[in-house]
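Chemist: Pasting entry_4.tsv below, which is TSV, C-alpha atoms.
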```tsv
chain	number	residue	atom	x	y	z
I	26	MET	CA	-13.77	17.50	-13.15
I	27	THR	CA	-11.71	15.88	-10.39
I	28	THR	CA	-12.51	17.03	-6.85
I	29	ASN	CA	-9.87	17.53	-4.14
I	30	ASP	CA	-11.06	14.39	-2.34
I	31	GLU	CA	-10.82	12.33	-5.53
I	32	PHE	CA	-7.34	13.71	-6.26
I	33	HIS	CA	-6.08	12.90	-2.77
I	34	ASP	CA	-7.74	9.47	-2.86
I	35	GLU	CA	-5.88	8.76	-6.09
I	36	ILE	CA	-2.55	9.70	-4.48
I	37	GLY	CA	-3.26	7.49	-1.49
I	38	ASP	CA	-4.65	4.53	-3.40
I	39	ASN	CA	-1.59	4.55	-5.65
I	40	HIS	CA	0.79	5.07	-2.72
I	41	VAL	CA	2.42	8.11	-4.24
I	42	PRO	CA	4.95	9.81	-1.93
I	43	THR	CA	4.70	13.60	-1.86
I	44	LYS	CA	7.47	14.72	0.52
I	45	ALA	CA	10.98	13.51	1.39
I	46	THR	CA	10.40	14.49	5.02
I	47	ASN	CA	7.52	13.57	7.30
I	48	PRO	CA	4.86	16.29	7.11
I	49	ILE	CA	4.81	17.31	10.79
I	50	ARG	CA	3.25	20.56	11.98
I	51	ASN	CA	5.33	23.10	13.91
I	52	ASP	CA	3.00	22.84	16.90
I	53	ALA	CA	3.09	19.03	17.01
I	54	PHE	CA	4.66	18.92	20.47
I	55	ASP	CA	2.96	21.87	22.13
I	56	ILE	CA	0.86	19.43	24.16
I	57	SER	CA	2.02	16.49	26.27
I	58	ASP	CA	1.70	12.80	25.42
I	59	GLU	CA	-0.95	12.49	28.12
I	60	GLN	CA	-3.02	15.26	26.53
I	61	LYS	CA	-2.69	13.60	23.13
I	62	ILE	CA	-3.86	10.28	24.57
I	63	GLU	CA	-6.94	11.90	26.11
I	64	SER	CA	-7.83	13.61	22.83
I	65	ILE	CA	-7.24	10.54	20.65
I	66	LYS	CA	-9.19	8.36	23.07
I	67	LYS	CA	-12.30	10.47	22.44
I	68	ASP	CA	-11.78	10.26	18.68
I	69	VAL	CA	-11.38	6.46	18.73
I	70	HIS	CA	-14.50	6.18	20.91
I	71	ASN	CA	-16.41	8.27	18.35
I	72	ILE	CA	-15.19	6.17	15.41
I	73	LEU	CA	-16.19	2.88	17.06
I	74	HIS	CA	-19.51	4.32	18.28
I	75	THR	CA	-20.28	5.58	14.76
I	76	LEU	CA	-19.56	2.12	13.38
I	77	GLY	CA	-22.17	0.72	15.75
I	78	ILE	CA	-19.84	-0.94	18.25
I	79	ASP	CA	-21.22	-1.40	21.79
I	80	LEU	CA	-18.51	0.18	23.91
I	81	THR	CA	-20.23	-0.84	27.14
I	82	ASP	CA	-19.11	-4.42	26.49
I	83	ASP	CA	-16.36	-5.48	28.93
I	84	SER	CA	-14.08	-6.48	26.08
I	85	LEU	CA	-14.35	-3.06	24.41
I	86	LYS	CA	-14.56	-0.59	27.30
I	87	GLY	CA	-10.82	-0.05	27.37
I	88	THR	CA	-10.24	-0.13	23.62
I	89	PRO	CA	-10.26	3.66	22.97
I	90	ASN	CA	-7.69	4.19	25.72
I	91	ARG	CA	-5.54	1.26	24.57
I	92	VAL	CA	-5.54	2.47	20.96
I	93	ALA	CA	-4.69	6.04	21.99
I	94	LYS	CA	-1.77	4.89	24.15
I	95	MET	CA	-0.55	2.61	21.36
I	96	PHE	CA	-0.62	5.47	18.84
I	97	VAL	CA	1.29	7.92	21.04
I	98	LYS	CA	3.67	5.61	22.92
I	99	GLU	CA	4.33	2.89	20.36
I	100	LEU	CA	3.21	3.01	16.71
I	101	PHE	CA	3.97	6.71	16.19
I	102	GLY	CA	6.57	7.29	18.91
I	103	GLY	CA	9.15	8.06	16.21
I	104	LEU	CA	7.44	11.38	15.50
I	105	ASN	CA	8.79	12.73	18.79
I	106	PRO	CA	12.37	14.03	18.41
I	107	ASN	CA	12.94	13.45	22.13
I	108	LYS	CA	12.73	9.71	21.43
I	109	LYS	CA	15.44	9.77	18.78
I	110	PRO	CA	18.16	7.24	19.71
I	111	ASN	CA	21.55	8.58	20.67
I	112	ALA	CA	23.68	7.43	17.74
I	113	SER	CA	27.00	7.35	19.61
I	114	THR	CA	29.99	6.53	17.46
I	115	PHE	CA	33.52	5.42	18.32
I	116	GLU	CA	36.92	5.66	16.71
I	117	ASN	CA	37.72	2.76	14.41
I	118	ASN	CA	40.82	1.79	16.39
I	119	TYR	CA	41.10	-1.66	14.82
I	120	LYS	CA	41.12	-0.11	11.32
I	121	TYR	CA	38.41	-2.37	9.90
I	122	GLY	CA	38.11	-1.16	6.32
I	123	GLU	CA	35.49	-3.37	4.70
I	124	MET	CA	31.73	-2.94	4.76
I	125	LEU	CA	29.76	-3.82	7.85
I	126	VAL	CA	26.28	-5.21	7.18
I	127	GLU	CA	23.42	-5.49	9.66
I	128	LYS	CA	20.83	-7.58	7.85
I	129	ASN	CA	17.32	-8.84	8.55
I	130	ILE	CA	16.40	-5.99	10.92
I	131	THR	CA	12.74	-6.54	11.75
I	132	LEU	CA	10.70	-3.55	10.63
I	133	TYR	CA	7.20	-2.53	11.67
I	134	SER	CA	5.81	0.71	10.31
I	135	THR	CA	2.46	2.20	9.29
I	136	CYS	CA	1.39	3.30	5.81
I	137	GLU	CA	0.45	6.98	5.95
I	138	HIS	CA	-2.20	6.54	3.24
I	139	HIS	CA	-4.45	4.01	4.98
I	140	MET	CA	-2.93	3.69	8.47
I	141	LEU	CA	-2.34	-0.03	7.97
I	142	PRO	CA	0.83	-1.94	8.90
I	143	ILE	CA	4.03	-2.22	6.88
I	144	VAL	CA	5.95	-5.33	7.96
I	145	GLY	CA	9.32	-6.38	6.62
I	146	ARG	CA	13.09	-6.45	6.90
I	147	ALA	CA	15.73	-3.75	6.58
I	148	HIS	CA	19.32	-4.45	5.56
I	149	VAL	CA	21.82	-1.70	6.37
I	150	ALA	CA	25.53	-1.36	5.59
I	151	TYR	CA	28.32	1.19	5.94
I	152	ILE	CA	32.04	1.51	5.31
I	153	SER	CA	33.89	3.32	8.08
I	154	SER	CA	35.77	6.51	7.30
I	155	GLY	CA	37.21	6.56	10.82
I	156	ARG	CA	34.12	6.12	13.02
I	157	VAL	CA	32.03	3.06	13.87
I	158	ILE	CA	28.61	2.72	15.47
I	159	GLY	CA	27.22	0.11	17.85
I	160	LEU	CA	25.28	-2.65	16.11
I	161	SER	CA	22.13	-2.18	18.18
I	162	LYS	CA	22.11	1.52	17.31
I	163	MET	CA	21.54	0.61	13.68
I	164	ASN	CA	18.46	-1.39	14.69
I	165	ARG	CA	17.26	1.48	16.87
I	166	ILE	CA	17.63	4.01	14.04
I	167	VAL	CA	15.53	1.77	11.77
I	168	ASP	CA	12.91	1.39	14.51
I	169	TYR	CA	12.79	5.12	15.27
I	170	TYR	CA	12.11	6.23	11.70
I	171	ALA	CA	9.72	3.31	11.15
I	172	LYS	CA	7.53	4.40	14.07
I	173	ARG	CA	5.80	7.09	12.04
I	174	PRO	CA	3.10	7.25	9.40
I	175	GLN	CA	5.43	6.46	6.51
I	176	VAL	CA	6.03	5.71	2.87
I	177	GLN	CA	8.74	3.14	2.31
I	178	GLU	CA	10.82	5.27	-0.05
I	179	ARG	CA	11.12	8.04	2.55
I	180	LEU	CA	11.90	5.59	5.35
I	181	THR	CA	14.76	4.05	3.34
I	182	MET	CA	16.25	7.49	2.67
I	183	GLN	CA	15.90	8.63	6.29
I	184	ILE	CA	17.79	5.60	7.62
I	185	VAL	CA	20.68	6.23	5.23
I	186	GLN	CA	20.78	9.97	5.90
I	187	GLU	CA	20.79	9.46	9.69
I	188	LEU	CA	23.69	7.01	9.53
I	189	GLN	CA	25.61	9.22	7.11
I	190	HIS	CA	25.26	12.10	9.55
I	191	ALA	CA	26.22	10.01	12.59
I	192	LEU	CA	29.23	8.34	10.95
I	193	GLY	CA	30.48	11.30	8.93
I	194	THR	CA	30.56	9.32	5.68
I	195	GLU	CA	28.50	9.01	2.51
I	196	ASP	CA	29.27	5.27	2.36
I	197	VAL	CA	25.95	3.96	3.69
I	198	ALA	CA	23.34	1.72	2.05
I	199	CYS	CA	19.90	0.42	2.96
I	200	VAL	CA	17.52	-2.05	1.32
I	201	ILE	CA	14.02	-2.65	2.68
I	202	ASP	CA	11.74	-5.52	1.64
I	203	ALA	CA	8.29	-5.18	3.18
I	204	LYS	CA	4.65	-6.15	2.86
I	205	HIS	CA	2.05	-3.37	2.92
I	206	LEU	CA	-1.27	-4.47	4.37
I	207	CYS	CA	-2.97	-1.65	2.47
I	208	VAL	CA	-2.12	-3.73	-0.62
I	209	ASN	CA	-2.29	-7.21	0.94
I	210	SER	CA	-5.53	-6.94	2.96
I	211	ARG	CA	-7.61	-4.33	1.08
I	212	GLY	CA	-7.88	-2.92	-2.43
I	213	ILE	CA	-6.22	-5.41	-4.78
I	214	ARG	CA	-5.71	-7.81	-1.81
I	215	ASP	CA	-2.56	-9.35	-3.26
I	216	ILE	CA	-1.17	-11.26	-0.28
I	217	GLU	CA	2.01	-12.39	-2.06
I	218	SER	CA	3.43	-9.06	-3.20
I	219	SER	CA	6.09	-7.11	-1.31
I	220	THR	CA	7.81	-3.80	-1.95
I	221	VAL	CA	11.60	-3.40	-2.23
I	222	THR	CA	13.31	-0.01	-1.92
I	223	ALA	CA	16.99	0.89	-1.84
I	224	GLU	CA	19.17	3.89	-1.12
I	225	TYR	CA	22.89	3.85	-1.91
I	226	GLY	CA	25.42	6.47	-0.89
I	227	GLY	CA	29.10	7.00	-1.64
I	228	GLN	CA	30.98	3.82	-2.56
I	229	PHE	CA	27.73	1.85	-2.69
I	230	LYS	CA	26.85	3.63	-5.92
I	231	ASP	CA	29.66	1.61	-7.51
I	232	ASP	CA	28.32	-1.55	-9.19
I	233	LEU	CA	30.86	-3.91	-7.60
I	234	LYS	CA	30.39	-2.57	-4.08
I	235	ARG	CA	26.61	-2.60	-4.44
I	236	ARG	CA	26.66	-6.21	-5.69
I	237	GLU	CA	28.88	-7.20	-2.75
I	238	PHE	CA	26.33	-5.73	-0.34
I	239	LEU	CA	23.44	-7.47	-2.09
I	240	GLU	CA	25.30	-10.79	-1.96
I	241	PHE	CA	25.84	-10.37	1.80
I	242	ILE	CA	22.14	-9.90	2.47
I	243	LYS	CA	21.37	-13.11	0.57
I	244	LEU	CA	23.39	-15.17	3.07
I	245	ASP	CA	21.20	-17.66	4.93
I	246	THR	CA	22.06	-17.15	8.58
I	247	LYS	CA	20.86	-19.94	10.86
I	248	PHE	CA	21.75	-20.82	14.44
```
As structure tokens, how would this structure be written, given the file I've shared?

Modeler:
Amino acid sequence: MTTNDEFHDEIGDNHVPTKATNPIRNDAFDISDEQKIESIKKDVHNILHTLGIDLTDDSLKGTPNRVAKMFVKELFGGLNPNKKPNASTFENNYKYGEMLVEKNITLYSTCEHHMLPIVGRAHVAYISSGRVIGLSKMNRIVDYYAKRPQVQERLTMQIVQELQHALGTEDVACVIDAKHLCVNSRGIRDIESSTVTAEYGGQFKDDLKRREFLEFIKLDTKF
């Protein structure tokens, strides 16, 4: 008979997504970032101490605090809705009617199953229905949703949904190609494999428009 731990290990080891939204508790922001850092610092200290690490060593004394700050301020900063980028849009006064593609957006995230890095590239496109968005905002939206414990399928969907909402159009697409260190550095330890996910909305569901987008992201841009 399978135990709960074995069942949940199987989900995690096979990287099975369970929810389309990040599972965040309602009381997640009842305490401040500083309080979270203090609490996490103690937990990191306990983990390292349990592993047998000598935390009196000068190189390691500050590690629990550094890790706690990194978790709250950097790696998982996208959990905090107050850090969501302001996705300002503008009227498409120049009437540009073709797709706009922002490709090769550097992506750093964290696998929610093993808390190991996901590193890759995101390629995002939209077709204006009257509004346009600043190029850097597309990068910031990718970065915001990546800075959470994630599964790649959910991240891809969240980027598309956020841009659809901001631009008032269904015509948004995203492809992510990323390496998961939970696959590359542990378990099967396949260092060559990467994971590709895609989400297509509106016109991008059409074969010709989707192929056009995929051809754009193949372009070799060098300066």

Chemist: Could you check which of I:Gly159, I:Pro106, I:Gly226, I:Pro89 is closest to Ser64 of chain I, using only C-alpha atoms?

Modeler: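 Among I:Gly159, I:Pro106, I:Gly226, I:Pro89, it is I:Pro89 that comes nearest to Ser64 of chain I.
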
Chemist: Can you list, as a VMD selection string, every protein, DNA or RNA residue that comes within 8 Å of segment 165-168 of chain I when you count all atoms listed in the file, leaving out same-chain residues fewer than 3 positions away?

Modeler: chain I and resid 103 109 to 110 112 130 132 to 133 147 161 to 162 171 to 172 184 187

Chemist: Would you mind telling me which residue in I:Glu99, I:Glu224, I:Asp68, I:Asp79 lies nearest to Gln183 of chain I when using all atoms listed in the file?

Modeler: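 Nearest to Gln183 of chain I: I:Glu224.
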
Chemist: Using all atoms listed in the file, which residue out of I:Ser154, I:Arg236, I:Leu104, I:Asn90 lies closest to Tyr170 of chain I?

Modeler: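 Selected residue with least distance to Tyr170 of chain I: I:Leu104.
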
Chemist: Quick one: everything within 12 Å of segment 206-213 of chain I, counting all atoms listed in the file, minus sequence neighbours fewer than 5 positions away in the same chain. Send it as a PyMOL selection string.

Modeler: chain I and resi 37-40+133-145+176+218-220

Chemist: Between I:Ser57, I:Asn117, I:Gln177, I:Gln186, which is the closest to Gly155 of chain I once you count all atoms listed in the file?

Modeler: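 Between I:Ser57, I:Asn117, I:Gln177, I:Gln186, the residue approaching Gly155 of chain I most closely is I:Asn117.
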
Chemist: Considering only C-alpha atoms, state which residue in the set I:Val97, I:Leu73, I:Ile152, I:Ala198 is at the smallest distance from Arg173 of chain I.

Modeler: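 Residue with the minimum atom-to-atom distance to Arg173 of chain I: I:Val97.
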
Chemist: One number please: atom CA of Ile62 of chain I to atom CA of Ala93 of chain I, in Å, one decimal.

Modeler: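 That distance, rounded to one decimal, is 5.0 Å.
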
Chemist: So what do you get for atom CA of His190 of chain I versus atom CA of Asn105 of chain I, distance-wise?

Modeler: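 Computing it gives 18.9 Å between the two atoms.
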
Chemist: Restricting the calculation to only C-alpha atoms: of I:Ile201, I:Met95, I:Met163, I:Leu85, which residue gets closest to His148 of chain I?

Modeler: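 Looking only at the distances to His148 of chain I, the closest residue turns out to be I:Ile201.
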
Chemist: Could you tell me how far atom CA of Ile158 of chain I sits from atom CA of Tyr121 of chain I, in Å to one decimal place?

Modeler: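 The value is 12.4 Å.
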